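Just work.cif here, mmCIF, C-alpha atoms:
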data_run
#
loop_
_atom_site.label_atom_id
_atom_site.label_comp_id
_atom_site.auth_asym_id
_atom_site.auth_seq_id
_atom_site.Cartn_x
_atom_site.Cartn_y
_atom_site.Cartn_z
CA MET A 1 1.12 5.23 -10.83
CA GLU A 2 -1.88 2.96 -11.39
CA ARG A 3 -0.59 1.76 -14.77
CA GLU A 4 2.90 1.25 -13.37
CA ILE A 5 1.55 -0.90 -10.54
CA ALA A 6 -0.48 -2.92 -13.06
CA GLN A 7 2.62 -3.48 -15.18
CA SER A 8 4.60 -4.62 -12.15
CA LEU A 9 1.90 -7.05 -10.96
CA LEU A 10 1.70 -8.61 -14.41
CA LYS A 11 5.46 -8.74 -14.94
CA ILE A 12 6.19 -10.69 -11.75
CA GLY A 13 3.15 -12.96 -12.09
CA ALA A 14 1.33 -11.63 -9.04
CA VAL A 15 -1.70 -11.45 -11.31
CA PHE A 16 -2.57 -14.15 -13.82
CA LEU A 17 -5.23 -13.57 -16.49
CA ARG A 18 -6.49 -16.84 -17.96
CA PRO A 19 -9.98 -16.48 -19.46
CA ASP A 20 -9.72 -19.71 -21.46
CA ALA A 21 -8.72 -21.82 -18.44
CA PRO A 22 -10.29 -20.10 -15.41
CA PHE A 23 -9.19 -20.57 -11.84
CA THR A 24 -11.55 -21.89 -9.18
CA TRP A 25 -11.88 -19.68 -6.10
CA ALA A 26 -12.56 -21.10 -2.64
CA SER A 27 -16.18 -20.01 -3.11
CA GLY A 28 -16.45 -22.21 -6.20
CA ILE A 29 -16.58 -19.24 -8.58
CA LYS A 30 -14.77 -19.77 -11.88
CA SER A 31 -12.53 -16.76 -12.36
CA PRO A 32 -10.43 -15.62 -15.34
CA VAL A 33 -8.06 -13.88 -12.94
CA TYR A 34 -5.96 -14.93 -9.99
CA CYS A 35 -4.24 -12.34 -7.82
CA ASP A 36 -1.54 -13.14 -5.25
CA ASN A 37 -0.03 -9.91 -3.98
CA ARG A 38 2.09 -11.83 -1.47
CA LEU A 39 4.48 -12.44 -4.36
CA THR A 40 5.32 -8.74 -4.45
CA LEU A 41 7.22 -9.18 -1.20
CA SER A 42 9.80 -11.30 -3.04
CA TYR A 43 10.65 -8.46 -5.44
CA PRO A 44 12.33 -5.54 -3.62
CA GLU A 45 11.70 -2.98 -6.38
CA VAL A 46 8.01 -3.85 -6.63
CA ARG A 47 7.68 -4.10 -2.85
CA THR A 48 9.12 -0.60 -2.49
CA GLN A 49 7.00 0.75 -5.34
CA ILE A 50 3.86 -0.53 -3.60
CA ALA A 51 4.85 0.74 -0.15
CA GLU A 52 5.67 4.19 -1.49
CA GLY A 53 2.38 4.19 -3.40
CA LEU A 54 0.44 3.24 -0.29
CA ALA A 55 2.25 5.92 1.73
CA ALA A 56 1.45 8.56 -0.89
CA THR A 57 -2.19 7.44 -0.92
CA VAL A 58 -2.47 7.69 2.87
CA ARG A 59 -0.90 11.15 2.86
CA ARG A 60 -3.22 12.33 0.08
CA HIS A 61 -6.52 10.96 1.34
CA TYR A 62 -5.97 10.54 5.09
CA PRO A 63 -3.59 13.29 6.20
CA GLY A 64 -4.63 12.88 9.84
CA CYS A 65 -3.58 9.23 9.97
CA ALA A 66 -1.77 8.30 13.19
CA GLY A 67 -1.39 4.55 12.67
CA LEU A 68 -1.64 1.75 10.12
CA PHE A 69 -3.24 -1.64 10.70
CA GLY A 70 -2.83 -4.52 8.26
CA THR A 71 -5.41 -7.20 7.59
CA ALA A 72 -4.40 -10.78 8.35
CA THR A 73 -2.45 -12.10 6.77
CA ALA A 74 -1.66 -10.55 3.41
CA GLY A 75 -1.92 -6.93 4.52
CA ILE A 76 0.44 -7.23 7.48
CA ALA A 77 3.78 -6.97 5.69
CA HIS A 78 2.63 -4.12 3.46
CA ALA A 79 1.32 -2.23 6.48
CA ALA A 80 4.65 -2.71 8.28
CA ILE A 81 6.76 -1.49 5.37
CA THR A 82 4.48 1.48 4.70
CA ALA A 83 4.39 2.41 8.40
CA HIS A 84 8.19 2.33 8.46
CA ILE A 85 8.36 4.71 5.49
CA MET A 86 5.87 7.05 7.16
CA ALA A 87 7.33 6.69 10.68
CA LEU A 88 3.90 5.68 12.00
CA PRO A 89 2.78 3.12 14.59
CA MET A 90 1.68 -0.18 13.08
CA GLY A 91 -0.40 -3.17 14.10
CA TYR A 92 -2.64 -5.76 12.54
CA VAL A 93 -6.06 -7.32 12.93
CA ARG A 94 -6.37 -11.06 13.36
CA ALA A 95 -8.95 -13.06 11.45
CA GLY A 96 -10.15 -14.48 14.77
CA GLU A 97 -9.60 -13.97 18.48
CA LYS A 98 -6.63 -15.64 20.13
CA ASP A 99 -7.44 -18.55 22.44
CA HIS A 100 -4.51 -17.74 24.73
CA GLY A 101 -2.90 -14.77 26.46
CA ARG A 102 -5.18 -11.75 26.57
CA GLY A 103 -7.25 -12.96 23.64
CA GLY A 104 -8.53 -10.27 21.30
CA LYS A 105 -8.11 -9.66 17.60
CA VAL A 106 -5.94 -6.53 17.47
CA GLU A 107 -2.18 -6.82 17.69
CA GLY A 108 -0.40 -3.56 18.44
CA ARG A 109 -1.46 -0.63 20.59
CA VAL A 110 -4.73 1.17 19.88
CA THR A 111 -5.58 4.31 21.84
CA PRO A 112 -9.11 5.74 22.16
CA GLY A 113 -9.83 8.09 19.29
CA GLN A 114 -6.63 7.21 17.43
CA LYS A 115 -7.03 7.97 13.72
CA VAL A 116 -5.96 4.87 11.80
CA VAL A 117 -6.02 3.47 8.27
CA VAL A 118 -6.44 -0.19 7.34
CA VAL A 119 -3.99 -1.66 4.82
CA GLU A 120 -5.38 -4.46 2.64
CA ASP A 121 -3.72 -6.26 -0.24
CA LEU A 122 -6.84 -7.07 -2.26
CA ILE A 123 -10.47 -5.93 -2.33
CA SER A 124 -12.95 -8.38 -3.86
CA THR A 125 -16.05 -8.78 -1.69
CA ALA A 126 -14.39 -6.54 0.95
CA GLY A 127 -15.19 -8.93 3.79
CA SER A 128 -11.81 -8.87 5.54
CA ALA A 129 -11.45 -5.11 5.18
CA VAL A 130 -14.90 -4.41 6.64
CA ASP A 131 -14.35 -6.90 9.47
CA SER A 132 -11.01 -5.29 10.32
CA VAL A 133 -12.59 -1.84 10.38
CA ALA A 134 -15.34 -3.08 12.70
CA THR A 135 -12.78 -4.65 15.04
CA LEU A 136 -10.71 -1.47 15.22
CA ARG A 137 -13.78 0.67 15.81
CA ALA A 138 -14.81 -1.63 18.65
CA ALA A 139 -11.33 -1.17 20.11
CA GLY A 140 -11.88 2.60 20.18
CA ALA A 141 -10.04 3.68 17.03
CA GLU A 142 -11.36 6.19 14.53
CA VAL A 143 -10.90 4.42 11.19
CA LEU A 144 -10.36 6.97 8.46
CA GLY A 145 -10.53 4.43 5.66
CA VAL A 146 -8.76 1.68 3.76
CA VAL A 147 -5.87 1.63 1.31
CA SER A 148 -5.24 -1.43 -0.84
CA ILE A 149 -2.99 -2.63 -3.61
CA PHE A 150 -5.68 -3.91 -5.96
CA THR A 151 -9.47 -3.85 -6.26
CA TYR A 152 -11.78 -5.79 -8.53
CA GLY A 153 -14.46 -3.15 -8.18
CA MET A 154 -17.12 -5.85 -7.74
CA ALA A 155 -20.59 -4.59 -6.88
CA LYS A 156 -20.74 -6.72 -3.72
CA GLY A 157 -17.50 -5.26 -2.41
CA VAL A 158 -18.47 -1.69 -3.27
CA ALA A 159 -21.85 -2.13 -1.57
CA ARG A 160 -20.36 -3.73 1.53
CA LEU A 161 -17.88 -0.88 1.97
CA ALA A 162 -20.63 1.70 1.52
CA GLU A 163 -22.91 -0.03 4.04
CA ALA A 164 -20.10 -0.01 6.60
CA GLY A 165 -19.29 3.64 5.90
CA VAL A 166 -15.79 2.74 4.75
CA GLU A 167 -13.82 4.54 2.06
CA ASN A 168 -11.21 2.60 0.05
CA HIS A 169 -8.45 3.85 -2.23
CA SER A 170 -6.58 1.26 -4.32
CA LEU A 171 -3.29 1.60 -6.16
CA CYS A 172 -4.64 -0.39 -9.12
CA THR A 173 -8.10 -1.23 -10.41
CA PHE A 174 -9.30 -4.23 -12.40
CA ASP A 175 -10.20 -2.01 -15.35
CA THR A 176 -6.70 -0.58 -15.59
CA LEU A 177 -5.11 -3.99 -15.14
CA ALA A 178 -7.17 -5.44 -18.00
CA ALA A 179 -6.26 -2.57 -20.31
CA VAL A 180 -2.55 -2.77 -19.48
CA ALA A 181 -2.60 -6.56 -19.91
CA ALA A 182 -4.06 -6.23 -23.41
CA GLU A 183 -1.56 -3.54 -24.35
CA GLY A 184 1.30 -5.69 -23.09
CA GLY A 185 0.19 -8.81 -24.94
CA TYR A 186 -0.75 -10.79 -21.85
CA ILE A 187 -4.26 -11.27 -23.26
CA PRO A 188 -5.95 -10.51 -26.60
CA GLU A 189 -7.78 -7.19 -26.56
CA ALA A 190 -11.02 -9.07 -27.26
CA ASP A 191 -10.75 -10.68 -23.81
CA ILE A 192 -11.28 -7.34 -22.06
CA ALA A 193 -15.04 -7.68 -22.59
CA ARG A 194 -14.99 -11.12 -20.93
CA LEU A 195 -13.02 -9.79 -17.98
CA MET A 196 -15.41 -6.89 -17.49
CA ALA A 197 -18.42 -9.24 -17.71
CA PHE A 198 -16.88 -11.41 -14.99
CA ARG A 199 -16.22 -8.39 -12.78
CA ASP A 200 -19.82 -7.21 -13.14
CA ALA A 201 -21.37 -10.64 -12.40
CA PRO A 202 -18.80 -13.07 -10.97
CA GLU A 203 -21.40 -15.67 -9.94
CA ASP A 204 -22.68 -15.88 -13.54
CA ASP A 205 -20.39 -17.80 -15.88
CA GLY A 206 -21.96 -16.16 -18.93
CA TRP A 207 -18.70 -14.27 -19.46
CA ARG A 208 -17.13 -17.57 -20.59
CA ARG A 209 -19.44 -17.69 -23.64
CA LEU A 210 -18.60 -14.19 -24.93
#
As structure tokens:
Amino acid sequence: MEREIAQSLLKIGAVFLRPDAPFTWASGIKSPVYCDNRLTLSYPEVRTQIAEGLAATVRRHYPGCAGLFGTATAGIAHAAITAHIMALPMGYVRAGEKDHGRGGKVEGRVTPGQKVVVVEDLISTAGSAVDSVATLRAAGAEVLGVVSIFTYGMAKGVARLAEAGVENHSLCTFDTLAAVAAEGGYIPEADIARLMAFRDAPEDDGWRRL
């Protein structure tokens, strides 16, 4: 399934690999990869493939799950579709508290002790996933873990998840994506080393000189 997801992301342009003309992230980091999983929502076959993959991942790793909560904003739609497939309650976690109504960051009903799983589209530094887990825990939920479409596997993200006691399972990893991209002719095989160097030290642009 991981290779199939990678192929789908590359085919529809949800992931661009451009080592020779890197993208600039909001943080200022120069990146050879740009990932926009929101695009998957525009392709019904890929959208379904992802939702079924997320559902299978939840069933395999979190069999006691009694609700799914998406991260704002990219995880919301995927959480809703997956929850529909699994016939589970669904909600989402806002990036910030509302300044009207009852306030708060959680949309949807959370009951004390409810076993829930967070749905995220992308794990890089894991900030939004960890924040969402903390919010749900504060609301009384028992967060079993996170499922996501794609992960870079960056050391900062891995460490942050570990520090928060959060387990993540992704449908596709950066390593697999790079390998599939080379096999499919999206990048030269020699660029895999540059991609891996970026993943291991994204703040260091030494990968551009390999």
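Coordinates place atom CA of Ile29 of chain A at a distance of 28.3 Å from atom CA of Gly145 of chain A.
When only C-alpha atoms are used to measure the gap to Gly28 of chain A, the shortest distance among A:Pro202, A:Gly157, A:Gly75, A:Gly185 belongs to A:Pro202.
Among A:Ile123, A:Asp200, A:Ala193, A:Arg47, the residue with the shortest atom-to-atom distance to Pro19 of chain A, counting all atoms listed in the file, is A:Ala193.
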For segment 23-57 of chain A against segment 8-17 of chain A, with a cut-off of 8 Å and counting all atoms listed in the file, what is the closest atom pair and its distance in Å to one decimal for every residue that makes the cut, ordered by chain and number, as a Markdown table?
| residue | atom | partner | partner_atom | distance |
| --- | --- | --- | --- | --- |
| A:Pro32 | CA | A:Leu17 | CA | 5.7 |
| A:Val33 | CA | A:Leu17 | CA | 4.6 |
| A:Tyr34 | CA | A:Phe16 | CA | 5.2 |
| A:Cys35 | CA | A:Val15 | CA | 4.4 |
| A:Asp36 | CA | A:Ala14 | CA | 5.0 |
| A:Asn37 | CA | A:Ala14 | CA | 5.5 |
| A:Arg38 | CA | A:Ala14 | CA | 7.6 |
| A:Leu39 | CA | A:Ala14 | CA | 5.7 |
| A:Thr40 | CA | A:Ala14 | CA | 6.7 |
| A:Val46 | CA | A:Ser8 | CA | 6.5 |
If the PyMOL selection byres ((chain A and resi 109) around 9) is run on the structure shown, which residues does it catch, given as a list in words?
Pro89, Met90, Gly91, Val106, Glu107, Gly108, Val110 and Thr111 of chain A
Contacts of Ala164 of chain A at 12 Å or less, counting only C-alpha atoms, minus same-chain residues fewer than 3 places along, as a list in words?
Ala126, Gly127, Ala129, Val130, Asp131, Ser132, Val133, Ala134, Arg137, Val143, Gly145, Val146, Gly157, Val158, Ala159, Arg160, Leu161, Glu167 and Asn168 of chain A
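Across A:Ser42, A:Gln114, A:Thr173, A:Ser148, the tightest approach to Thr82 of chain A is made by A:Ser148 when counting all atoms listed in the file.
The closest residue to Ile192 of chain A, picked from A:Ala83, A:Leu136, A:Asp205, A:Leu210 and counting all atoms listed in the file, is A:Leu210.
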Counting all atoms listed in the file, find residues at most 12 Å from (-18.5, -19.4, -6.4) (file frame) and give them as an MDAnalysis selection string.
chainID A and resid 23:31 125 198 201:205
Create the file for the chosen residues now, containing C-alpha atoms and written as a PDB file, keeping the file's coordinate frame.
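Below is the file part.pdb, written as the result:
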ATOM      1  CA  PHE A  23      -9.190 -20.570 -11.840  1.00  0.00           C
ATOM      2  CA  THR A  24     -11.550 -21.890  -9.180  1.00  0.00           C
ATOM      3  CA  TRP A  25     -11.880 -19.680  -6.100  1.00  0.00           C
ATOM      4  CA  ALA A  26     -12.560 -21.100  -2.640  1.00  0.00           C
ATOM      5  CA  SER A  27     -16.180 -20.010  -3.110  1.00  0.00           C
ATOM      6  CA  GLY A  28     -16.450 -22.210  -6.200  1.00  0.00           C
ATOM      7  CA  ILE A  29     -16.580 -19.240  -8.580  1.00  0.00           C
ATOM      8  CA  LYS A  30     -14.770 -19.770 -11.880  1.00  0.00           C
ATOM      9  CA  SER A  31     -12.530 -16.760 -12.360  1.00  0.00           C
ATOM     10  CA  THR A 125     -16.050  -8.780  -1.690  1.00  0.00           C
ATOM     11  CA  PHE A 198     -16.880 -11.410 -14.990  1.00  0.00           C
ATOM     12  CA  ALA A 201     -21.370 -10.640 -12.400  1.00  0.00           C
ATOM     13  CA  PRO A 202     -18.800 -13.070 -10.970  1.00  0.00           C
ATOM     14  CA  GLU A 203     -21.400 -15.670  -9.940  1.00  0.00           C
ATOM     15  CA  ASP A 204     -22.680 -15.880 -13.540  1.00  0.00           C
ATOM     16  CA  ASP A 205     -20.390 -17.800 -15.880  1.00  0.00           C
TER      17      ASP A 205
END
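Of the residues under consideration (A:Ala197, A:Val116, A:Ile81, A:Ala190), A:Ile81 shows the shortest atom-to-atom contact distance to Ala51 of chain A when counting only C-alpha atoms.
Between atom CA of His78 of chain A and atom CA of Gln49 of chain A the separation is 11.0 Å.
The smallest atom-to-atom distance between Val118 of chain A and any of A:Phe69, A:Phe150, A:Trp207, A:Tyr92, using only C-alpha atoms, is found for A:Phe69.
The two atoms in question, atom CA of Thr71 of chain A and atom CA of Val93 of chain A, are spaced 5.4 Å apart.
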Expanded to explicit residues, what is the PyMOL selection byres ((chain A and resi 5) around 8) for this file, as a ChimeraX atom specification?
/A:1-4,6-9,49-50,171-172
